[in-house]
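One file, protein-v3.cif, carrying mmCIF, C-alpha atoms and all ligand atoms:
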data_entry
#
loop_
_atom_site.group_PDB
_atom_site.id
_atom_site.type_symbol
_atom_site.label_atom_id
_atom_site.label_comp_id
_atom_site.auth_asym_id
_atom_site.auth_seq_id
_atom_site.Cartn_x
_atom_site.Cartn_y
_atom_site.Cartn_z
ATOM 1 C CA MET A 1 -29.901 -9.498 -7.770
ATOM 2 C CA SER A 2 -26.200 -9.907 -7.188
ATOM 3 C CA VAL A 3 -24.275 -7.951 -4.609
ATOM 4 C CA LYS A 4 -21.225 -6.057 -5.867
ATOM 5 C CA ASN A 5 -18.055 -6.973 -4.004
ATOM 6 C CA TRP A 6 -15.895 -3.957 -3.276
ATOM 7 C CA TYR A 7 -12.224 -4.717 -2.895
ATOM 8 C CA TYR A 8 -10.012 -3.038 -0.351
ATOM 9 C CA HIS A 9 -6.298 -2.941 -1.098
ATOM 10 C CA LYS A 10 -3.926 -3.380 1.830
ATOM 11 C CA ASP A 11 -0.410 -4.383 2.863
ATOM 12 C CA ALA A 12 -0.080 -7.537 4.964
ATOM 13 C CA LYS A 13 2.486 -5.786 7.144
ATOM 14 C CA ALA A 14 -0.170 -3.383 8.433
ATOM 15 C CA SER A 15 -3.484 -5.148 7.945
ATOM 16 C CA ARG A 16 -4.931 -8.658 8.183
ATOM 17 C CA HIS A 17 -8.363 -9.983 7.237
ATOM 18 C CA GLY A 18 -9.804 -13.424 7.796
ATOM 19 C CA LEU A 19 -7.581 -16.440 7.226
ATOM 20 C CA MET A 20 -5.177 -14.506 4.965
ATOM 21 C CA GLU A 21 -5.224 -17.261 2.348
ATOM 22 C CA CYS A 22 -5.273 -16.320 -1.309
ATOM 23 C CA CYS A 23 -8.518 -17.294 -3.056
ATOM 24 C CA THR A 24 -6.592 -17.920 -6.301
ATOM 25 C CA CYS A 25 -3.466 -19.887 -5.370
ATOM 26 C CA GLY A 26 -4.440 -21.046 -1.882
ATOM 27 C CA GLU A 27 -1.132 -19.913 -0.357
ATOM 28 C CA GLY A 28 -0.929 -17.821 2.791
ATOM 29 C CA ILE A 29 -0.620 -14.074 2.515
ATOM 30 C CA ASP A 30 2.176 -13.180 4.919
ATOM 31 C CA LYS A 31 3.706 -10.125 3.293
ATOM 32 C CA GLY A 32 3.224 -7.664 0.486
ATOM 33 C CA SER A 33 0.111 -6.189 -1.012
ATOM 34 C CA TYR A 34 -3.189 -7.990 -1.175
ATOM 35 C CA ARG A 35 -6.844 -7.170 -1.698
ATOM 36 C CA HIS A 36 -9.927 -8.371 0.105
ATOM 37 C CA TYR A 37 -13.666 -8.115 0.207
ATOM 38 C CA GLU A 38 -16.192 -9.366 2.677
ATOM 39 C CA ASP A 39 -18.448 -12.192 1.504
ATOM 40 C CA PHE A 40 -21.541 -11.492 3.567
ATOM 41 C CA LYS A 41 -23.246 -14.738 2.548
ATOM 42 C CA LYS A 42 -20.362 -16.773 3.956
ATOM 43 C CA ASP A 43 -19.568 -14.268 6.700
ATOM 44 C CA ALA A 44 -15.923 -14.365 5.643
ATOM 45 C CA PHE A 45 -13.214 -12.196 4.150
ATOM 46 C CA VAL A 46 -11.985 -13.229 0.712
ATOM 47 C CA THR A 47 -8.322 -12.329 0.255
ATOM 48 C CA GLN A 48 -6.059 -12.421 -2.800
ATOM 49 C CA HIS A 49 -2.341 -11.737 -3.397
ATOM 50 C CA LYS A 50 -1.535 -8.729 -5.505
ATOM 51 C CA HIS A 51 0.488 -10.942 -7.861
ATOM 52 C CA CYS A 52 -2.535 -13.234 -8.264
ATOM 53 C CA SER A 53 -4.802 -10.336 -9.190
ATOM 54 C CA LEU A 54 -2.547 -8.130 -11.306
ATOM 55 C CA GLY A 55 -4.404 -6.565 -14.190
ATOM 56 C CA GLN A 56 -7.623 -6.630 -12.207
ATOM 57 C CA GLY A 57 -9.268 -3.834 -10.301
ATOM 58 C CA ALA A 58 -7.438 -0.843 -8.962
ATOM 59 C CA TRP A 59 -3.817 -2.097 -8.831
ATOM 60 C CA HIS A 60 -2.801 -0.024 -11.851
ATOM 61 C CA ASN A 61 -4.092 3.206 -10.277
ATOM 62 C CA ILE A 62 -2.599 2.348 -6.876
ATOM 63 C CA ASP A 63 0.812 1.646 -8.446
ATOM 64 C CA LYS A 64 0.585 4.909 -10.385
ATOM 65 C CA GLU A 65 -0.251 6.871 -7.210
ATOM 66 C CA ASP A 66 2.599 5.143 -5.344
ATOM 67 C CA ALA A 67 5.029 6.126 -8.110
ATOM 68 C CA ILE A 68 3.877 9.760 -7.886
ATOM 69 C CA THR A 69 4.265 9.662 -4.085
ATOM 70 C CA ARG A 70 7.815 8.277 -4.405
ATOM 71 C CA GLU A 71 8.666 10.942 -6.982
ATOM 72 C CA LEU A 72 7.306 13.749 -4.762
ATOM 73 C CA ARG A 73 9.169 12.314 -1.763
ATOM 74 C CA ALA A 74 12.440 12.317 -3.741
ATOM 75 C CA LEU A 75 11.862 15.969 -4.714
ATOM 76 C CA PHE A 76 11.095 16.804 -1.077
ATOM 77 C CA VAL A 77 14.279 15.118 0.131
ATOM 78 C CA LYS A 78 16.250 17.057 -2.477
ATOM 79 C CA ASP A 79 14.671 20.355 -1.286
ATOM 80 C CA VAL A 80 15.433 19.523 2.364
ATOM 81 C CA ASP A 81 19.019 18.772 1.422
ATOM 82 C CA THR A 82 19.326 22.091 -0.431
ATOM 83 C CA PHE A 83 17.788 23.951 2.526
ATOM 84 C CA SER A 84 20.044 22.151 5.006
ATOM 85 C CA LYS A 85 23.198 23.003 3.092
ATOM 86 C CA ALA A 86 22.147 26.662 2.728
ATOM 87 C CA TRP A 87 21.296 27.092 6.425
ATOM 88 C CA GLY A 88 23.793 24.710 8.013
ATOM 89 C CA TYR A 89 21.368 22.087 9.274
ATOM 90 C CA ASP A 90 21.660 18.306 9.275
ATOM 91 C CA SER A 91 19.293 17.124 6.509
ATOM 92 C CA GLU A 92 19.069 13.599 7.998
ATOM 93 C CA ALA A 93 17.885 15.038 11.310
ATOM 94 C CA ILE A 94 15.243 17.167 9.571
ATOM 95 C CA LEU A 95 14.009 14.192 7.531
ATOM 96 C CA GLU A 96 13.833 12.078 10.696
ATOM 97 C CA LEU A 97 11.672 14.741 12.346
ATOM 98 C CA LEU A 98 9.400 14.926 9.287
ATOM 99 C CA LYS A 99 9.162 11.195 8.506
ATOM 100 C CA ASP A 100 5.648 10.791 9.917
ATOM 101 C CA VAL A 101 4.279 14.092 8.649
ATOM 102 C CA ASP A 102 1.844 13.744 5.780
HETATM 103 ZN ZN ZN B 1 -2.149 -16.003 -4.541
#
Spell out the structure here as structure tokens.
Amino acid sequence: MSVKNWYYHKDAKASRHGLMECCTCGEGIDKGSYRHYEDFKKDAFVTQHKHCSLGQGAWHNIDKEDAITRELRALFVKDVDTFSKAWGYDSEAILELLKDVD
């Protein structure tokens, strides 16, 4: 019986797994999005560039969610700007305070 490999999708800026070499093109993964799974038989992480795995797995849904997040962030920034102008606050300062708030 085969074991299903579950991919995890990450950004190389914040996360590293194994040798960080793409299993498709063989190049290093130094930046940008990539996916990985753990090959338990080989006791190794298998990594793959996003651009080498486009059209596979969850990239479409992740890109869609990222687009929604960017859209909501733009609406939020617009609301903060409107609030700041109405109440005389510096919108950049408010956004700086809120940058790490989820
Ligand atoms: Zn690659």
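For ligand ZN 1 (chain B), the neighbouring protein, DNA and RNA residues, which are those within 12 Å when only C-alpha atoms and all ligand atoms are counted, are Met20, Glu21, Cys22, Cys23, Thr24, Cys25, Gly26, Glu27, Gly28, Ile29, Asp30, Lys31, Gly32, Ser33, Tyr34, Arg35, His36, Val46, Thr47, Gln48, His49, Lys50, His51, Cys52, Ser53 and Leu54 of chain A.
Going from atom CA of Lys10 of chain A to atom CA of Leu75 of chain A covers 25.8 Å.
Atom CA of Ala44 of chain A to atom CA of Glu65 of chain A spans 29.4 Å [interatomic distance, one decimal].
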Subject >> atom CA of Ala12 of chain A to atom CA of Arg73 of chain A, straight-line distance in Å >> reply: 22.9 Å
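Within the file as shown, the PyMOL selection byres (((chain A and resi 91) around 10) and not hetatm) identifies Val77, Lys78, Asp79, Val80, Asp81, Thr82, Phe83, Ser84, Lys85, Gly88, Tyr89, Asp90, Glu92, Ala93, Ile94, Leu95, Glu96 and Leu97 of chain A.
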Listed atoms of segment 89-95 of chain A boxed along x, y and z, 5 Å each side, centre and edge lengths in Å, one decimal, as JSON:
{"center_x": 17.8, "center_y": 17.8, "center_z": 8.9, "size_x": 17.7, "size_y": 18.5, "size_z": 14.8}
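Ranking A:Asp39, A:Phe45, A:Ala67, A:Asn61 by their shortest atom-to-atom distance to Arg16 of chain A, with only C-alpha atoms included, puts A:Phe45 first.
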